[in-house]
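Quick notes on the structure that follows.
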Amino acid sequence: NRAVILNQRPQGEIQDGDLVLEERPVRELKEGEVLAKVLWLSLDPYMRPRMNDAKGYMEPIGIGEVIVGESVARIVESRSDNLKVGDLVTCYSGWQEYVVFPGDAEMVYRIDQKDNVPLQAYLGVAGMPGRTGYCGLIYVGKPKAGETVVVSAASGPVGTVVGQTAKKEGCRAVGVAGGPEKCRYVVEELGFDACVDYKAGNLEADLKAACPDGIDIYFENVGGAVTRAVAPLLNPGARVPICGFVSAYNAEDMSSVETPFHVLKALDPVPEHRFFLVTEWQDKHQEITNILADRVASGELKYRETIAEGLENAPEAFKGMLKGRNFGKQLVHIAD
Ligand code: NDP
């Protein structure tokens with residue numbers, strides 16, 4: 001069993017030697033436990049803050065511990081009545097090839113795979129990021145037909161779902177993404193009304209031109225310069241679901257970075273709501289997964305993936321994702 005462990009805490013951007021591949025023996029199963037073989041590993045931005053020695057909404061990863069992460073896995077041995085050999089699940093296996101957990105563990109879900117929905121989509125648009133985009137937009141953003149919704153990191157799995165859901169709700173969907181290729185994809189393939197390239201050097205003017213009626217909902221994924229450009233365009237009564245702010249995740253000191261809260265607090269009333277999928281809507285896991293998987297199956301919900309091959313390539317892929325080198329959901333293919 002190979003595993004990627006936190007060898008030392010990254011200072012800023014991840015460097016060689018911070019995340020290390022190790023051989024870790026798989027222990028014997030106890031009564032009630034299962035052994036799962038990881039097929040697909042999801043790489044998600046939240047993993048970076050958890051490598052720091054600061055308590056966020058979850059505990060930091062300890063030195064020598066396996067990096068946290070969700071995967072699609074197959075049960076290959078079972079001493080549990082809940083899961084049988086051959087079952088496919090999503091579970092928080094961490095970055096490793098095999099994992100042992102109790103058959104009734106929390107956050108383990110049997111995948112009810114629908115036709116035309118690839119397994120790995122249950123880690124992307126029909127998985128945690130997809131549910132995040134959907135719930136954050138619908139329950140926090142509360143979109144109304146005719147409103148303008150702006151979403152940053154628009155070509156990623158969260159942004160992809162936010163924009164396409166906004167269109168379905170009758171809104172004008174405007175993306176913000178890095179580079180002309182991603183922007184073209186967001187408009188031409190995903191069907192957004194416009195997409196602003198924040199790297200093109202004209203962010204304020206381009207965003208204003210894309211939002212002639214101002215912004216009613218800003219779905220925050222990135223923070224930094226994009227938030228500063230959005231703030232003056234927010235309409236009275238605007239909502240800002242604060243999902244994340246990935247531009248700050250590599251900061252050496254997260255406590256000193258400018259967050260969206262600093263930028264938005266000048267507005268009265270402060271139109272933001274920081275949310276976490278897992279603490280707010282875990283009870284809707286199956287319901288929302290089904291909605292999104294049905295939309296994938298019908299071809300209505302479009303998305304892209306970037307796939308790294310083999311666990312040994314996970315650290316490099318993860319570093320790249322934090323800089324936008326991914327185009328769509330970043331996955332690691334571990335086994336068939
Ligand atoms: P993505 O696949 O979109 O990957 C992150 C993207 O962020 C990159 O591809 C890049 O896109 C963009 N980015 C990186 N650096 C910057 C920067 N300096 N300025 C602007 N954009 C940048 O990730 P996800 O869709 O998985 O996640 C999106 C957000 O959702 C993250 O903030 C994540 O933490 C958050 N999240 C929150 C959850 C919650 O419960 N609150 C749950 C899941 C995700 P580009 O090339 O376009 O710049």
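Going by the structure tokens order, chains are called A, B, ..., each with residues numbered from 1, while ligands are numbered from 1 in the order shown.
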Region 34-253 of chain A: residues DSSP assigns to strand (DSSP E or B), reported as an MDAnalysis selection string: chainID A and resid 34:42 66 71:78 88:91 96 98:102 109:110 148:152 172:177 194:197 215:220 234:242
Nearby polymer residues, ligand 1, at most 8 Å, only C-alpha atoms and all ligand atoms, as a ChimeraX atom specification: /A:43-46,124,128-129,132-133,152-160,176-179,182,197-198,220-226,242-248,274-279,321-330
Close residues, Ala314 (chain A) itself excluded, 10 Å, only C-alpha atoms, min 2 positions apart in chain, as a ChimeraX atom specification: /A:4,19,21,41-43,95,307-312,316-320,330-334
Atoms to include: N, CA and C atoms. Write the selected residues as a short mmCIF file (atom, residue, chain, number, x, y, z; two decimals), in the first residue's frame.
data_model
loop_
_atom_site.label_atom_id
_atom_site.label_comp_id
_atom_site.auth_asym_id
_atom_site.auth_seq_id
_atom_site.Cartn_x
_atom_site.Cartn_y
_atom_site.Cartn_z
N VAL A 4 0.67 8.89 0.36
CA VAL A 4 1.38 10.17 0.39
C VAL A 4 1.15 10.78 1.76
N LEU A 19 5.53 16.70 0.71
CA LEU A 19 4.63 15.54 0.60
C LEU A 19 5.47 14.38 0.08
N LEU A 21 5.94 10.11 -0.77
CA LEU A 21 5.31 8.82 -1.03
C LEU A 21 5.99 7.76 -0.16
N LEU A 41 -8.82 9.24 -6.92
CA LEU A 41 -8.62 10.17 -5.80
C LEU A 41 -8.98 11.58 -6.28
N SER A 42 -9.71 12.29 -5.44
CA SER A 42 -10.07 13.67 -5.74
C SER A 42 -9.05 14.62 -5.13
N LEU A 43 -8.59 15.59 -5.90
CA LEU A 43 -7.73 16.64 -5.34
C LEU A 43 -8.55 17.91 -5.22
N TRP A 95 -4.85 10.06 0.65
CA TRP A 95 -4.05 9.80 -0.55
C TRP A 95 -3.31 8.47 -0.40
N ILE A 307 -6.81 14.61 -15.52
CA ILE A 307 -6.50 13.36 -14.83
C ILE A 307 -4.99 13.13 -14.74
N ALA A 308 -4.49 12.96 -13.52
CA ALA A 308 -3.10 12.55 -13.32
C ALA A 308 -3.10 11.04 -13.14
N GLU A 309 -2.07 10.39 -13.64
CA GLU A 309 -2.03 8.92 -13.60
C GLU A 309 -1.10 8.46 -12.48
N GLY A 310 -1.63 7.75 -11.49
CA GLY A 310 -0.79 7.17 -10.43
C GLY A 310 -0.61 8.09 -9.23
N LEU A 311 -0.60 7.48 -8.05
CA LEU A 311 -0.49 8.23 -6.80
C LEU A 311 0.79 9.08 -6.75
N GLU A 312 1.85 8.57 -7.38
CA GLU A 312 3.13 9.30 -7.31
C GLU A 312 3.02 10.67 -7.98
N GLU A 316 2.34 16.73 -7.54
CA GLU A 316 2.57 17.69 -8.62
C GLU A 316 1.24 18.21 -9.18
N ALA A 317 0.29 17.31 -9.34
CA ALA A 317 -1.03 17.71 -9.84
C ALA A 317 -1.70 18.67 -8.86
N PHE A 318 -1.52 18.40 -7.58
CA PHE A 318 -2.14 19.25 -6.56
C PHE A 318 -1.53 20.66 -6.57
N LYS A 319 -0.19 20.70 -6.65
CA LYS A 319 0.49 22.00 -6.75
C LYS A 319 -0.03 22.79 -7.94
N GLY A 320 -0.19 22.09 -9.05
CA GLY A 320 -0.66 22.74 -10.29
C GLY A 320 -2.07 23.26 -10.15
N GLN A 330 -9.84 18.16 -11.01
CA GLN A 330 -8.54 17.48 -10.94
C GLN A 330 -8.69 16.15 -10.20
N LEU A 331 -8.35 15.08 -10.89
CA LEU A 331 -8.45 13.74 -10.33
C LEU A 331 -7.12 13.03 -10.45
N VAL A 332 -6.96 11.98 -9.65
CA VAL A 332 -5.83 11.07 -9.83
C VAL A 332 -6.41 9.69 -10.06
N HIS A 333 -6.02 9.07 -11.16
CA HIS A 333 -6.47 7.71 -11.44
C HIS A 333 -5.49 6.75 -10.78
N ILE A 334 -6.00 5.92 -9.88
CA ILE A 334 -5.13 5.04 -9.10
C ILE A 334 -5.21 3.59 -9.61
#
Could you make a table, as CSV, of the residues of region 44-134 of chain A that have an atom within 10 Å of an atom of region 295-305 of chain A, each with its nearest atom pair and distance in Å to one decimal, counting only C-alpha atoms, in chain and number order?
residue,atom,partner,partner_atom,distance
A:Lys114,CA,A:Ala297,CA,7.1
A:Asp115,CA,A:Ala297,CA,6.5
A:Asn116,CA,A:Ala297,CA,5.0
A:Val117,CA,A:Ala297,CA,5.4
A:Pro118,CA,A:Ala297,CA,9.0
A:Gln120,CA,A:Glu305,CA,9.3
A:Ala121,CA,A:Val296,CA,8.5
A:Gly124,CA,A:Glu305,CA,8.5
A:Val125,CA,A:Tyr303,CA,7.2
A:Ala126,CA,A:Val296,CA,7.5
Residues of region 115-305 of chain A in helix (DSSP H, G or I), written as an MDAnalysis selection string: chainID A and resid 119:123 128:141 157:168 180:188 203:210 224:233 246:248 254:256 260:264 277:280 282:298
Shell around Ala194 (chain A) at 12 Å using only C-alpha atoms, local window under 4 positions removed, as number ranges by chain: A: 148-151, 154, 163, 167, 172-177, 180, 182-190, 206-212
Writer output for current selection, C-alpha atoms, as a PDB file, in the first residue's frame:
ATOM      1  CA  THR A 148     -26.929  38.394 -12.613  1.00  0.00           C
ATOM      2  CA  VAL A 149     -24.790  35.678 -11.008  1.00  0.00           C
ATOM      3  CA  VAL A 150     -20.999  35.949 -11.119  1.00  0.00           C
ATOM      4  CA  VAL A 151     -18.850  32.960 -10.185  1.00  0.00           C
ATOM      5  CA  ALA A 154     -15.730  29.208 -13.332  1.00  0.00           C
ATOM      6  CA  GLY A 163     -23.053  28.729 -13.630  1.00  0.00           C
ATOM      7  CA  LYS A 167     -28.783  29.442 -16.153  1.00  0.00           C
ATOM      8  CA  ARG A 172     -27.542  35.731 -16.366  1.00  0.00           C
ATOM      9  CA  ALA A 173     -24.394  33.694 -15.618  1.00  0.00           C
ATOM     10  CA  VAL A 174     -21.003  35.383 -15.778  1.00  0.00           C
ATOM     11  CA  GLY A 175     -17.815  33.443 -15.098  1.00  0.00           C
ATOM     12  CA  VAL A 176     -14.364  34.608 -14.101  1.00  0.00           C
ATOM     13  CA  ALA A 177     -11.522  32.319 -15.155  1.00  0.00           C
ATOM     14  CA  PRO A 180      -8.747  32.722 -22.986  1.00  0.00           C
ATOM     15  CA  LYS A 182     -10.958  28.492 -20.135  1.00  0.00           C
ATOM     16  CA  CYS A 183     -13.128  31.549 -20.837  1.00  0.00           C
ATOM     17  CA  ARG A 184     -14.055  30.301 -24.292  1.00  0.00           C
ATOM     18  CA  TYR A 185     -14.993  26.903 -22.866  1.00  0.00           C
ATOM     19  CA  VAL A 186     -17.137  28.453 -20.117  1.00  0.00           C
ATOM     20  CA  VAL A 187     -19.200  30.396 -22.664  1.00  0.00           C
ATOM     21  CA  GLU A 188     -19.244  28.057 -25.660  1.00  0.00           C
ATOM     22  CA  GLU A 189     -19.457  24.670 -23.933  1.00  0.00           C
ATOM     23  CA  LEU A 190     -20.990  25.415 -20.542  1.00  0.00           C
ATOM     24  CA  ASP A 206     -14.180  43.713 -18.427  1.00  0.00           C
ATOM     25  CA  LEU A 207     -16.288  42.665 -15.450  1.00  0.00           C
ATOM     26  CA  LYS A 208     -18.325  45.876 -15.585  1.00  0.00           C
ATOM     27  CA  ALA A 209     -18.967  45.360 -19.301  1.00  0.00           C
ATOM     28  CA  ALA A 210     -20.072  41.757 -18.672  1.00  0.00           C
ATOM     29  CA  CYS A 211     -22.482  42.859 -15.917  1.00  0.00           C
ATOM     30  CA  PRO A 212     -24.393  45.869 -17.332  1.00  0.00           C
TER      31      PRO A 212
END
Tell me, as a PDB file with C-alpha atoms, in the first residue's frame, which residues lie within 12 Å of Ala54 (chain A), counting only C-alpha atoms; anything in the same chain fewer than 6 positions away does not count.
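File written: out22.pdb
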ATOM      1  CA  ARG A   9       4.532  21.652   6.601  1.00  0.00           C
ATOM      2  CA  ARG A  48      -3.776  22.986   1.281  1.00  0.00           C
ATOM      3  CA  PRO A  60      -4.677  20.219  10.652  1.00  0.00           C
ATOM      4  CA  ILE A  61      -3.107  17.095   9.164  1.00  0.00           C
ATOM      5  CA  GLY A  62      -0.397  15.805  11.516  1.00  0.00           C
ATOM      6  CA  GLU A 252       2.705  31.657   4.390  1.00  0.00           C
ATOM      7  CA  ASP A 253       0.464  33.165   7.038  1.00  0.00           C
ATOM      8  CA  MET A 254      -3.209  32.645   6.299  1.00  0.00           C
ATOM      9  CA  SER A 255      -4.213  34.765   9.300  1.00  0.00           C
TER      10      SER A 255
END
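Of the listed residues A:Leu29, A:Val89, A:Ala231, A:Ile138, the one whose atoms come nearest to Pro102 (chain A) is A:Leu29, with distances taken using only C-alpha atoms.
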A:Ile288, A:Leu39, A:Val66, A:Ile14 ranked by distance to Cys135 (chain A), top pick (using only C-alpha atoms):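 Nearest to Cys135 (chain A): A:Ile288.
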Long-range neighbours of region 34-37 of chain A as a PyMOL selection string, 12 Å cut-off, only C-alpha atoms, 3 positions minimum in chain: chain A and resi 1-2+26-31+40-41+71-105+108+334-336
Best match for closeness to Gln282 (chain A) among A:Glu59, A:His262, A:Asn250, A:Gly127, counting only C-alpha atoms: A:Gly127
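Restricting the calculation to only C-alpha atoms, the smallest distance between Arg131 (chain A) and any of A:Val162, A:Ala251, A:Val20, A:Thr259 is found for A:Val162.
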Option closest in space to Leu6 (chain A), from A:Glu22, A:Asp213, A:Glu65, A:Asp193 [counting only C-alpha atoms]: A:Glu65
Among listed residues A:Gly69, A:Pro236, A:Gly32, A:Pro49, nearest Ala3 (chain A) (using only C-alpha atoms): A:Gly69
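Atom pair CA of Glu287 (chain A) / CA of Gly170 (chain A) has a distance of 21.9 Å (rounded to one decimal).
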Point-to-point distance from CA of Pro143 (chain A) to CA of Gly237 (chain A), Å rounded to tenths: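 So the two atoms, CA of Pro143 (chain A) and CA of Gly237 (chain A), lie 11.7 Å apart.
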Between CA of Val68 (chain A) and CA of Met47 (chain A), distance in Å (one decimal): 6.8 Å
